[in-house]
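S.K.: Provided below: input_5.pdb, containing PDB, C-alpha atoms.
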ATOM      1  CA  MET A   1     -29.668   4.322 165.836
ATOM      2  CA  SER A   2     -28.276   6.969 163.486
ATOM      3  CA  VAL A   3     -24.984   8.536 164.574
ATOM      4  CA  VAL A   4     -25.915  11.551 162.464
ATOM      5  CA  LEU A   5     -29.050  12.172 164.545
ATOM      6  CA  ILE A   6     -27.128  11.793 167.782
ATOM      7  CA  LYS A   7     -24.524  14.264 166.546
ATOM      8  CA  GLU A   8     -27.207  16.773 165.540
ATOM      9  CA  LEU A   9     -28.987  16.495 168.866
ATOM     10  CA  ARG A  10     -25.769  16.822 170.795
ATOM     11  CA  GLU A  11     -24.707  19.932 168.867
ATOM     12  CA  ARG A  12     -28.095  21.540 169.386
ATOM     13  CA  THR A  13     -28.352  20.787 173.090
ATOM     14  CA  GLY A  14     -24.800  20.513 174.406
ATOM     15  CA  LEU A  15     -25.795  17.401 176.370
ATOM     16  CA  SER A  16     -23.903  14.129 176.581
ATOM     17  CA  LEU A  17     -23.999  11.389 173.957
ATOM     18  CA  LEU A  18     -25.819   8.986 176.259
ATOM     19  CA  GLU A  19     -28.485  11.563 177.148
ATOM     20  CA  CYS A  20     -29.022  12.244 173.451
ATOM     21  CA  LYS A  21     -29.174   8.528 172.672
ATOM     22  CA  ARG A  22     -31.812   7.932 175.347
ATOM     23  CA  ALA A  23     -33.884  10.921 174.222
ATOM     24  CA  LEU A  24     -33.909   9.763 170.600
ATOM     25  CA  ALA A  25     -34.820   6.230 171.635
ATOM     26  CA  ALA A  26     -37.737   7.568 173.665
ATOM     27  CA  THR A  27     -39.059   9.704 170.792
ATOM     28  CA  ALA A  28     -38.624   7.295 167.857
ATOM     29  CA  ASN A  29     -35.628   9.262 166.535
ATOM     30  CA  ASP A  30     -37.576  12.530 166.271
ATOM     31  CA  VAL A  31     -34.972  15.235 166.975
ATOM     32  CA  GLU A  32     -37.474  18.028 167.633
ATOM     33  CA  LYS A  33     -39.477  15.911 170.097
ATOM     34  CA  ALA A  34     -36.231  14.784 171.719
ATOM     35  CA  ILE A  35     -35.266  18.410 172.306
ATOM     36  CA  GLU A  36     -38.652  19.097 173.885
ATOM     37  CA  GLU A  37     -38.278  16.119 176.211
ATOM     38  CA  LEU A  38     -34.729  17.051 177.150
ATOM     39  CA  ARG A  39     -35.795  20.572 177.982
ATOM     40  CA  LYS A  40     -38.515  19.194 180.242
ATOM     41  CA  SER A  41     -36.417  16.576 181.976
ATOM     42  CA  SER A  42     -32.986  18.179 182.212
ATOM     43  CA  GLY A  43     -33.658  21.896 182.151
ATOM     44  CA  MET A  44     -31.377  22.125 179.134
ATOM     45  CA  LYS A  45     -29.520  25.416 179.365
ATOM     46  CA  ALA A  46     -26.758  27.259 177.602
ATOM     47  CA  ALA A  47     -24.522  26.283 180.495
ATOM     48  CA  GLY A  48     -24.492  22.776 179.074
ATOM     49  CA  LYS A  49     -22.115  24.010 176.389
ATOM     50  CA  ALA A  50     -19.855  26.006 178.676
ATOM     51  CA  GLY A  51     -17.150  23.358 178.721
ATOM     52  CA  ARG A  52     -16.760  23.278 174.955
ATOM     53  CA  ILE A  53     -13.805  25.211 173.568
ATOM     54  CA  ALA A  54     -14.736  28.454 171.828
ATOM     55  CA  ALA A  55     -11.577  29.439 169.972
ATOM     56  CA  ASP A  56     -13.018  30.986 166.829
ATOM     57  CA  GLY A  57     -15.090  34.145 166.518
ATOM     58  CA  VAL A  58     -14.448  37.847 165.883
ATOM     59  CA  VAL A  59     -12.778  40.913 167.329
ATOM     60  CA  MET A  60     -14.657  44.199 167.059
ATOM     61  CA  LEU A  61     -13.704  47.747 167.897
ATOM     62  CA  ARG A  62     -15.342  51.142 168.161
ATOM     63  CA  VAL A  63     -13.681  54.567 168.103
ATOM     64  CA  SER A  64     -15.258  57.934 168.947
ATOM     65  CA  GLU A  65     -15.728  60.529 166.217
ATOM     66  CA  ASP A  66     -13.066  62.775 167.726
ATOM     67  CA  ASN A  67     -10.645  59.810 168.023
ATOM     68  CA  SER A  68     -10.138  60.395 171.732
ATOM     69  CA  TYR A  69     -11.519  57.026 172.868
ATOM     70  CA  GLY A  70     -11.646  53.486 171.532
ATOM     71  CA  SER A  71     -12.681  50.088 172.829
ATOM     72  CA  MET A  72     -12.183  46.553 171.543
ATOM     73  CA  VAL A  73     -13.783  43.202 172.366
ATOM     74  CA  GLU A  74     -13.273  39.554 171.428
ATOM     75  CA  ILE A  75     -16.340  37.340 171.145
ATOM     76  CA  ASN A  76     -15.746  33.632 170.577
ATOM     77  CA  SER A  77     -17.610  30.793 168.902
ATOM     78  CA  GLU A  78     -16.576  27.194 168.390
ATOM     79  CA  THR A  79     -16.398  27.299 164.582
ATOM     80  CA  ASP A  80     -15.653  29.703 161.757
ATOM     81  CA  PHE A  81     -19.059  28.868 160.278
ATOM     82  CA  VAL A  82     -20.830  30.383 163.287
ATOM     83  CA  ALA A  83     -18.366  33.297 163.370
ATOM     84  CA  ARG A  84     -19.856  34.331 160.005
ATOM     85  CA  ASP A  85     -23.475  33.812 161.072
ATOM     86  CA  LYS A  86     -25.573  36.999 160.988
ATOM     87  CA  ASN A  87     -27.086  36.306 164.398
ATOM     88  CA  PHE A  88     -23.656  35.836 165.967
ATOM     89  CA  LEU A  89     -22.326  38.985 164.294
ATOM     90  CA  ALA A  90     -25.355  40.966 165.471
ATOM     91  CA  PHE A  91     -24.710  39.821 169.048
ATOM     92  CA  ALA A  92     -21.001  40.652 168.744
ATOM     93  CA  GLY A  93     -21.888  44.110 167.464
ATOM     94  CA  ARG A  94     -24.262  44.621 170.357
ATOM     95  CA  VAL A  95     -21.534  43.711 172.854
ATOM     96  CA  ALA A  96     -19.064  46.058 171.146
ATOM     97  CA  ASP A  97     -21.610  48.911 171.141
ATOM     98  CA  THR A  98     -22.503  48.395 174.791
ATOM     99  CA  ALA A  99     -18.864  48.286 175.885
ATOM    100  CA  PHE A 100     -18.110  51.431 173.886
ATOM    101  CA  VAL A 101     -21.075  53.502 175.052
ATOM    102  CA  SER A 102     -20.747  52.468 178.702
ATOM    103  CA  ARG A 103     -16.931  52.641 178.686
ATOM    104  CA  ASN A 104     -17.068  49.484 180.742
ATOM    105  CA  THR A 105     -14.050  47.171 180.570
ATOM    106  CA  ASP A 106     -15.193  44.792 183.311
ATOM    107  CA  LEU A 107     -16.564  41.616 181.717
ATOM    108  CA  GLY A 108     -18.585  40.605 184.732
ATOM    109  CA  SER A 109     -20.624  43.773 185.011
ATOM    110  CA  LEU A 110     -20.827  44.286 181.241
ATOM    111  CA  MET A 111     -22.394  40.864 180.688
ATOM    112  CA  ALA A 112     -24.775  41.045 183.625
ATOM    113  CA  GLY A 113     -28.451  41.234 182.705
ATOM    114  CA  GLU A 114     -29.614  41.638 179.127
ATOM    115  CA  LEU A 115     -26.360  40.824 177.353
ATOM    116  CA  GLU A 116     -25.985  37.543 179.214
ATOM    117  CA  SER A 117     -29.588  36.629 178.455
ATOM    118  CA  ALA A 118     -28.966  37.415 174.791
ATOM    119  CA  ARG A 119     -25.852  35.237 174.845
ATOM    120  CA  GLU A 120     -27.742  32.296 176.358
ATOM    121  CA  ASP A 121     -30.530  32.659 173.799
ATOM    122  CA  LEU A 122     -27.970  32.681 170.992
ATOM    123  CA  VAL A 123     -26.288  29.547 172.344
ATOM    124  CA  GLN A 124     -29.642  27.749 172.295
ATOM    125  CA  LYS A 125     -30.435  28.977 168.794
ATOM    126  CA  ILE A 126     -27.049  28.327 167.168
ATOM    127  CA  GLY A 127     -26.010  25.236 169.113
ATOM    128  CA  GLU A 128     -22.461  26.309 169.954
ATOM    129  CA  ASN A 129     -20.755  27.707 173.003
ATOM    130  CA  ILE A 130     -20.520  31.511 172.688
ATOM    131  CA  SER A 131     -18.325  33.525 175.031
ATOM    132  CA  VAL A 132     -17.214  37.133 175.449
ATOM    133  CA  ARG A 133     -13.533  36.701 176.223
ATOM    134  CA  ARG A 134     -11.936  40.120 176.786
ATOM    135  CA  ILE A 135     -12.305  43.887 176.515
ATOM    136  CA  THR A 136      -9.812  46.720 176.399
ATOM    137  CA  ALA A 137     -10.073  50.483 175.963
ATOM    138  CA  LEU A 138      -7.725  53.395 175.293
ATOM    139  CA  ALA A 139      -8.387  57.103 175.876
ATOM    140  CA  THR A 140      -6.428  60.323 175.415
ATOM    141  CA  ASP A 141      -6.921  64.056 175.866
ATOM    142  CA  GLU A 142      -3.659  65.115 174.224
ATOM    143  CA  GLY A 143      -3.366  62.975 171.153
ATOM    144  CA  VAL A 144      -5.301  60.504 169.053
ATOM    145  CA  ILE A 145      -6.559  56.922 169.156
ATOM    146  CA  GLY A 146      -5.962  55.016 165.938
ATOM    147  CA  SER A 147      -7.489  51.714 164.882
ATOM    148  CA  TYR A 148      -7.221  49.008 162.269
ATOM    149  CA  VAL A 149      -9.218  45.825 161.600
ATOM    150  CA  HIS A 150      -7.910  43.045 159.384
ATOM    151  CA  GLY A 151      -9.169  39.797 157.889
ATOM    152  CA  ASN A 152     -12.919  39.778 158.456
ATOM    153  CA  ASN A 153     -12.592  40.884 162.073
ATOM    154  CA  ARG A 154      -9.857  38.348 162.845
ATOM    155  CA  ILE A 155      -7.287  40.917 164.023
ATOM    156  CA  ALA A 156      -7.962  44.338 165.539
ATOM    157  CA  VAL A 157      -5.614  46.990 166.902
ATOM    158  CA  LEU A 158      -5.942  50.165 168.961
ATOM    159  CA  VAL A 159      -3.034  52.612 169.181
ATOM    160  CA  GLN A 160      -2.664  55.660 171.411
ATOM    161  CA  LEU A 161      -0.480  58.508 170.162
ATOM    162  CA  LYS A 162       0.531  61.709 171.884
ATOM    163  CA  GLY A 163       0.329  64.258 169.091
ATOM    164  CA  GLY A 164       0.031  63.167 165.478
ATOM    165  CA  ASP A 165      -3.164  62.674 163.504
ATOM    166  CA  THR A 166      -5.627  59.930 162.597
ATOM    167  CA  GLU A 167      -3.775  58.939 159.419
ATOM    168  CA  LEU A 168      -0.530  58.400 161.292
ATOM    169  CA  ALA A 169      -2.316  56.506 164.060
ATOM    170  CA  ARG A 170      -3.992  54.239 161.506
ATOM    171  CA  ASP A 171      -0.642  53.547 159.811
ATOM    172  CA  VAL A 172       0.905  52.544 163.129
ATOM    173  CA  ALA A 173      -2.126  50.365 163.974
ATOM    174  CA  MET A 174      -1.869  48.662 160.583
ATOM    175  CA  HIS A 175       1.808  47.967 161.238
ATOM    176  CA  VAL A 176       1.003  46.441 164.631
ATOM    177  CA  ALA A 177      -1.631  44.221 163.013
ATOM    178  CA  ALA A 178       0.866  42.976 160.404
ATOM    179  CA  VAL A 179       4.036  42.585 162.481
ATOM    180  CA  SER A 180       2.719  41.979 166.027
ATOM    181  CA  PRO A 181       5.366  43.668 168.188
ATOM    182  CA  ARG A 182       5.430  42.698 171.862
ATOM    183  CA  VAL A 183       6.154  46.127 173.349
ATOM    184  CA  VAL A 184       6.427  49.787 172.360
ATOM    185  CA  ALA A 185      10.155  50.188 173.176
ATOM    186  CA  PRO A 186      12.970  47.856 174.341
ATOM    187  CA  ARG A 187      12.718  49.237 177.893
ATOM    188  CA  ASP A 188       9.141  47.922 178.078
ATOM    189  CA  MET A 189      10.065  44.249 177.627
ATOM    190  CA  PRO A 190       9.130  42.307 180.798
ATOM    191  CA  GLU A 191      12.096  41.058 182.819
ATOM    192  CA  ASP A 192      10.818  37.465 182.875
ATOM    193  CA  VAL A 193      10.665  37.411 179.060
ATOM    194  CA  LEU A 194      14.225  38.731 178.821
ATOM    195  CA  ALA A 195      15.451  36.209 181.396
ATOM    196  CA  LYS A 196      13.923  33.321 179.455
ATOM    197  CA  GLU A 197      15.390  34.571 176.183
ATOM    198  CA  ARG A 198      18.825  34.960 177.781
ATOM    199  CA  GLU A 199      18.581  31.408 179.144
ATOM    200  CA  ILE A 200      17.836  30.038 175.667
ATOM    201  CA  LEU A 201      20.580  32.089 174.006
ATOM    202  CA  THR A 202      23.112  31.096 176.677
ATOM    203  CA  ALA A 203      22.420  27.417 176.050
ATOM    204  CA  GLN A 204      22.815  27.934 172.306
ATOM    205  CA  ALA A 205      26.028  29.956 172.604
ATOM    206  CA  SER A 206      27.595  27.593 175.139
ATOM    207  CA  ASP A 207      27.651  24.857 172.503
ATOM    208  CA  SER A 208      29.760  27.002 170.185
ATOM    209  CA  GLY A 209      33.049  26.138 171.935
ATOM    210  CA  LYS A 210      34.089  29.789 172.019
ATOM    211  CA  PRO A 211      35.753  31.445 175.066
ATOM    212  CA  PRO A 212      33.391  32.756 177.817
ATOM    213  CA  GLU A 213      34.047  36.412 177.015
ATOM    214  CA  ILE A 214      33.146  35.847 173.371
ATOM    215  CA  VAL A 215      30.050  33.889 174.378
ATOM    216  CA  GLU A 216      28.922  36.805 176.565
ATOM    217  CA  LYS A 217      29.336  39.226 173.648
ATOM    218  CA  MET A 218      27.370  36.880 171.413
ATOM    219  CA  ILE A 219      24.539  36.737 173.941
ATOM    220  CA  GLY A 220      24.525  40.518 174.335
ATOM    221  CA  GLY A 221      24.285  41.017 170.600
ATOM    222  CA  ARG A 222      21.473  38.519 170.227
ATOM    223  CA  ILE A 223      19.526  40.096 173.101
ATOM    224  CA  ARG A 224      19.793  43.480 171.404
ATOM    225  CA  LYS A 225      18.547  41.917 168.176
ATOM    226  CA  PHE A 226      15.649  40.253 170.004
ATOM    227  CA  LEU A 227      14.632  43.573 171.574
ATOM    228  CA  SER A 228      14.894  45.391 168.251
ATOM    229  CA  GLU A 229      12.800  42.819 166.404
ATOM    230  CA  ASN A 230      10.056  42.826 169.040
ATOM    231  CA  SER A 231       9.841  46.543 169.876
ATOM    232  CA  LEU A 232       7.417  48.610 167.815
ATOM    233  CA  LEU A 233       9.581  51.722 167.603
ATOM    234  CA  GLU A 234      12.607  49.817 166.294
ATOM    235  CA  GLN A 235      10.795  47.740 163.680
ATOM    236  CA  ALA A 236      10.997  48.600 159.979
ATOM    237  CA  PHE A 237       7.715  50.264 158.981
ATOM    238  CA  VAL A 238       5.692  47.891 156.788
ATOM    239  CA  LYS A 239       4.830  50.575 154.232
ATOM    240  CA  ASP A 240       8.443  51.836 154.016
ATOM    241  CA  PRO A 241      11.101  49.344 155.229
ATOM    242  CA  ASP A 242      13.800  52.030 155.012
ATOM    243  CA  LEU A 243      12.082  53.838 157.892
ATOM    244  CA  THR A 244      11.572  52.590 161.447
ATOM    245  CA  VAL A 245       8.235  53.178 163.137
ATOM    246  CA  GLY A 246      10.069  55.297 165.731
ATOM    247  CA  LYS A 247      11.435  57.633 163.060
ATOM    248  CA  LEU A 248       8.071  57.751 161.296
ATOM    249  CA  VAL A 249       6.290  58.870 164.462
ATOM    250  CA  ALA A 250       9.030  61.238 165.630
ATOM    251  CA  GLY A 251       9.114  62.843 162.203
ATOM    252  CA  ALA A 252       5.451  63.766 162.658
ATOM    253  CA  GLY A 253       6.144  65.248 166.084
ATOM    254  CA  ALA A 254       4.262  62.448 167.801
ATOM    255  CA  GLU A 255       4.905  59.714 170.357
ATOM    256  CA  VAL A 256       3.500  56.191 170.730
ATOM    257  CA  ILE A 257       2.069  55.833 174.235
ATOM    258  CA  THR A 258       0.681  52.304 174.001
ATOM    259  CA  PHE A 259      -1.127  49.812 171.787
ATOM    260  CA  SER A 260      -3.369  46.758 172.101
ATOM    261  CA  ARG A 261      -3.622  43.974 169.538
ATOM    262  CA  TYR A 262      -6.301  41.253 169.550
ATOM    263  CA  GLN A 263      -6.192  38.179 167.331
ATOM    264  CA  VAL A 264      -9.088  35.738 167.460
ATOM    265  CA  GLY A 265      -8.347  32.699 169.578
ATOM    266  CA  GLU A 266      -4.739  33.568 170.443
ATOM    267  CA  GLY A 267      -3.631  31.699 173.542
ATOM    268  CA  ILE A 268      -6.607  29.312 173.504
ATOM    269  CA  GLU A 269      -5.654  25.657 173.227
ATOM    270  CA  ARG A 270      -7.789  23.970 170.606
ATOM    271  CA  LYS A 271      -8.735  20.351 171.179
ATOM    272  CA  ALA A 272      -9.227  18.048 168.214
ATOM    273  CA  VAL A 273     -12.076  15.588 168.703
ATOM    274  CA  ASP A 274     -12.798  12.563 166.531
ATOM    275  CA  PHE A 275     -16.583  12.527 166.888
ATOM    276  CA  ALA A 276     -17.118   9.148 165.205
ATOM    277  CA  THR A 277     -14.638   7.479 167.573
ATOM    278  CA  GLU A 278     -16.222   9.178 170.588
ATOM    279  CA  VAL A 279     -19.696   8.059 169.553
ATOM    280  CA  ALA A 280     -18.592   4.482 168.961
ATOM    281  CA  ALA A 281     -16.847   4.317 172.333
ATOM    282  CA  GLN A 282     -19.855   5.611 174.262
ATOM    283  CA  LEU A 283     -22.436   3.569 172.401
ATOM    284  CA  GLN A 284     -20.622   0.264 172.936
ATOM    285  CA  GLY A 285     -22.216  -0.546 176.275
TER     286      GLY A 285
END
Mind turning the file's structure into structure tokens?
M.R.:
Amino acid sequence: MSVVLIKELRERTGLSLLECKRALAATANDVEKAIEELRKSSGMKAAGKAGRIAADGVVMLRVSEDNSYGSMVEINSETDFVARDKNFLAFAGRVADTAFVSRNTDLGSLMAGELESAREDLVQKIGENISVRRITALATDEGVIGSYVHGNNRIAVLVQLKGGDTELARDVAMHVAAVSPRVVAPRDMPEDVLAKEREILTAQASDSGKPPEIVEKMIGGRIRKFLSENSLLEQAFVKDPDLTVGKLVAGAGAEVITFSRYQVGEGIERKAVDFATEVAAQLQG
């Protein structure tokens, strides 16, 4: 039996190798007939692909005409090929539009009903697991929401300023996309992150052989450097390294309130699978 046909059937149905093997054997290796039989016998559903890792995809954002509100979503696929598919992009756009118009940031209620049905239909049509991973939104009545999208919808940023204008907000969003700060200002760094960094730096400095008081000064200096490098306001502005983002914004009479940065697949553990080996192992018996 052809491994290629088994692979095709598996990708199109999300069912196990053995189920696909049996279906092809029962239909004389006719993939289309095998799909029909599987749908009859197993109730083949999009849920069959739910366990497969969707770590590719796109991030999409929408911002109101008056720049007072913006929302951003990440929609995942299993491969970059599908992430560029027109049907996938149309679905992603529909999710982004719905989230923006409804101002809904709750995934459960957003995906209830028609959007979930559309997702399941797309999974069946494309043959990959598709998931809507996260949503965020920013709003202001005393400033501006800026946005920036980079790399074919691979990175997207929303920034909220108090004061300022859309050009400044876009510049700050572009900087966030490029440099990826963790927080707005040093005071915003979570205590657990600082504690972990101090633990690492202490271990490094302790091996220097220097007196304890010198070691403590070394750690203090490195913590300050860590905070400076990871705080938006203290970073050198990408378009003018002689100017920090804090000085850029303050010079325009504005203030950065918050930001959100999405990068496709960040934090998702990708699992490499050798399909040929998997097929051989399961077909041996």
S.K.: Within 8 Å of Leu122 (chain A), counting only C-alpha atoms, which residues show up once you throw out same-chain ones fewer than 6 positions away? Write them as a list in words, please.
M.R.: Asn87, Phe88 and Ile130 of chain A
S.K.: Using the chain letters and numbers from this file, what does the PyMOL selection byres ((chain A and resi 111) around 12) select? Give the answer as a list in words.
M.R.: Ile75, Phe91, Arg94, Val95, Ala96, Thr98, Ala99, Ser102, Asn104, Thr105, Asp106, Leu107, Gly108, Ser109, Leu110, Ala112, Gly113, Glu114, Leu115, Glu116, Ser117, Ala118, Arg119, Glu120, Ser131, Val132, Arg133, Arg134 and Ile135 of chain A
S.K.: Using the chain letters and numbering of this document, enumerate as a ChimeraX atom specification the residues selected by the PyMOL selection byres ((chain A and resi 247-259) around 10).
M.R.: /A:137-138,140,143-147,157-165,168-169,171-173,176,181-185,232-237,240,243-246,260-261
S.K.: When you count only C-alpha atoms, which of these residues is closest to Gly220 (chain A): A:Ala83, A:Ala25, A:Val238, A:Leu194?
M.R.: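 Of A:Ala83, A:Ala25, A:Val238, A:Leu194, the one nearest Gly220 (chain A), counting only C-alpha atoms, is A:Leu194.
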S.K.: What's around Asn29 (chain A) at 8 Å? Count only C-alpha atoms, leave out sequence neighbours fewer than 3 positions away in its own chain, and write the answer as an MDAnalysis selection string.
M.R.: chainID A and resid 1 5 24:26 34
S.K.: May I ask which of the residues A:Ala92, A:Leu17, A:Leu38, A:Ala139 is the closest one to Val59 (chain A), counting only C-alpha atoms?
M.R.: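 Checking each of A:Ala92, A:Leu17, A:Leu38, A:Ala139 against Val59 (chain A), counting only C-alpha atoms, the winner is A:Ala92.
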S.K.: For the structure shown, which residues end up in the PyMOL selection byres ((chain A and resi 264) around 9)? Put them as an mmCIF file with C-alpha atoms, in the coordinates of the input, please?
M.R.:
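Just written: expr-v9.cif:
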data_model
loop_
_atom_site.group_PDB
_atom_site.id
_atom_site.type_symbol
_atom_site.label_atom_id
_atom_site.label_comp_id
_atom_site.auth_asym_id
_atom_site.auth_seq_id
_atom_site.Cartn_x
_atom_site.Cartn_y
_atom_site.Cartn_z
ATOM 1 C CA ALA A 55 -11.577 29.439 169.972
ATOM 2 C CA ASP A 56 -13.018 30.986 166.829
ATOM 3 C CA GLY A 57 -15.090 34.145 166.518
ATOM 4 C CA VAL A 58 -14.448 37.847 165.883
ATOM 5 C CA VAL A 59 -12.778 40.913 167.329
ATOM 6 C CA GLU A 74 -13.273 39.554 171.428
ATOM 7 C CA ILE A 75 -16.340 37.340 171.145
ATOM 8 C CA ASN A 76 -15.746 33.632 170.577
ATOM 9 C CA ASN A 153 -12.592 40.884 162.073
ATOM 10 C CA ARG A 154 -9.857 38.348 162.845
ATOM 11 C CA ILE A 155 -7.287 40.917 164.023
ATOM 12 C CA ALA A 156 -7.962 44.338 165.539
ATOM 13 C CA TYR A 262 -6.301 41.253 169.550
ATOM 14 C CA GLN A 263 -6.192 38.179 167.331
ATOM 15 C CA GLY A 265 -8.347 32.699 169.578
ATOM 16 C CA GLU A 266 -4.739 33.568 170.443
#
S.K.: CA of Asp192 (chain A) and CA of Val215 (chain A) are how many Å apart?
M.R.: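 Between CA of Asp192 (chain A) and CA of Val215 (chain A) the gap works out to 21.3 Å.
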S.K.: Please measure the separation of CA of Asp242 (chain A) and CA of Ser180 (chain A), giving the value in Å to one decimal.
M.R.: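 Computing it gives 18.6 Å between the two atoms.
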S.K.: Give the answer as one residue: which of A:Leu18, A:Glu128, A:Pro212, A:Tyr148 has the shortest atom-to-atom distance to Arg62 (chain A), using only C-alpha atoms?
M.R.: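 Closest candidate: A:Tyr148.
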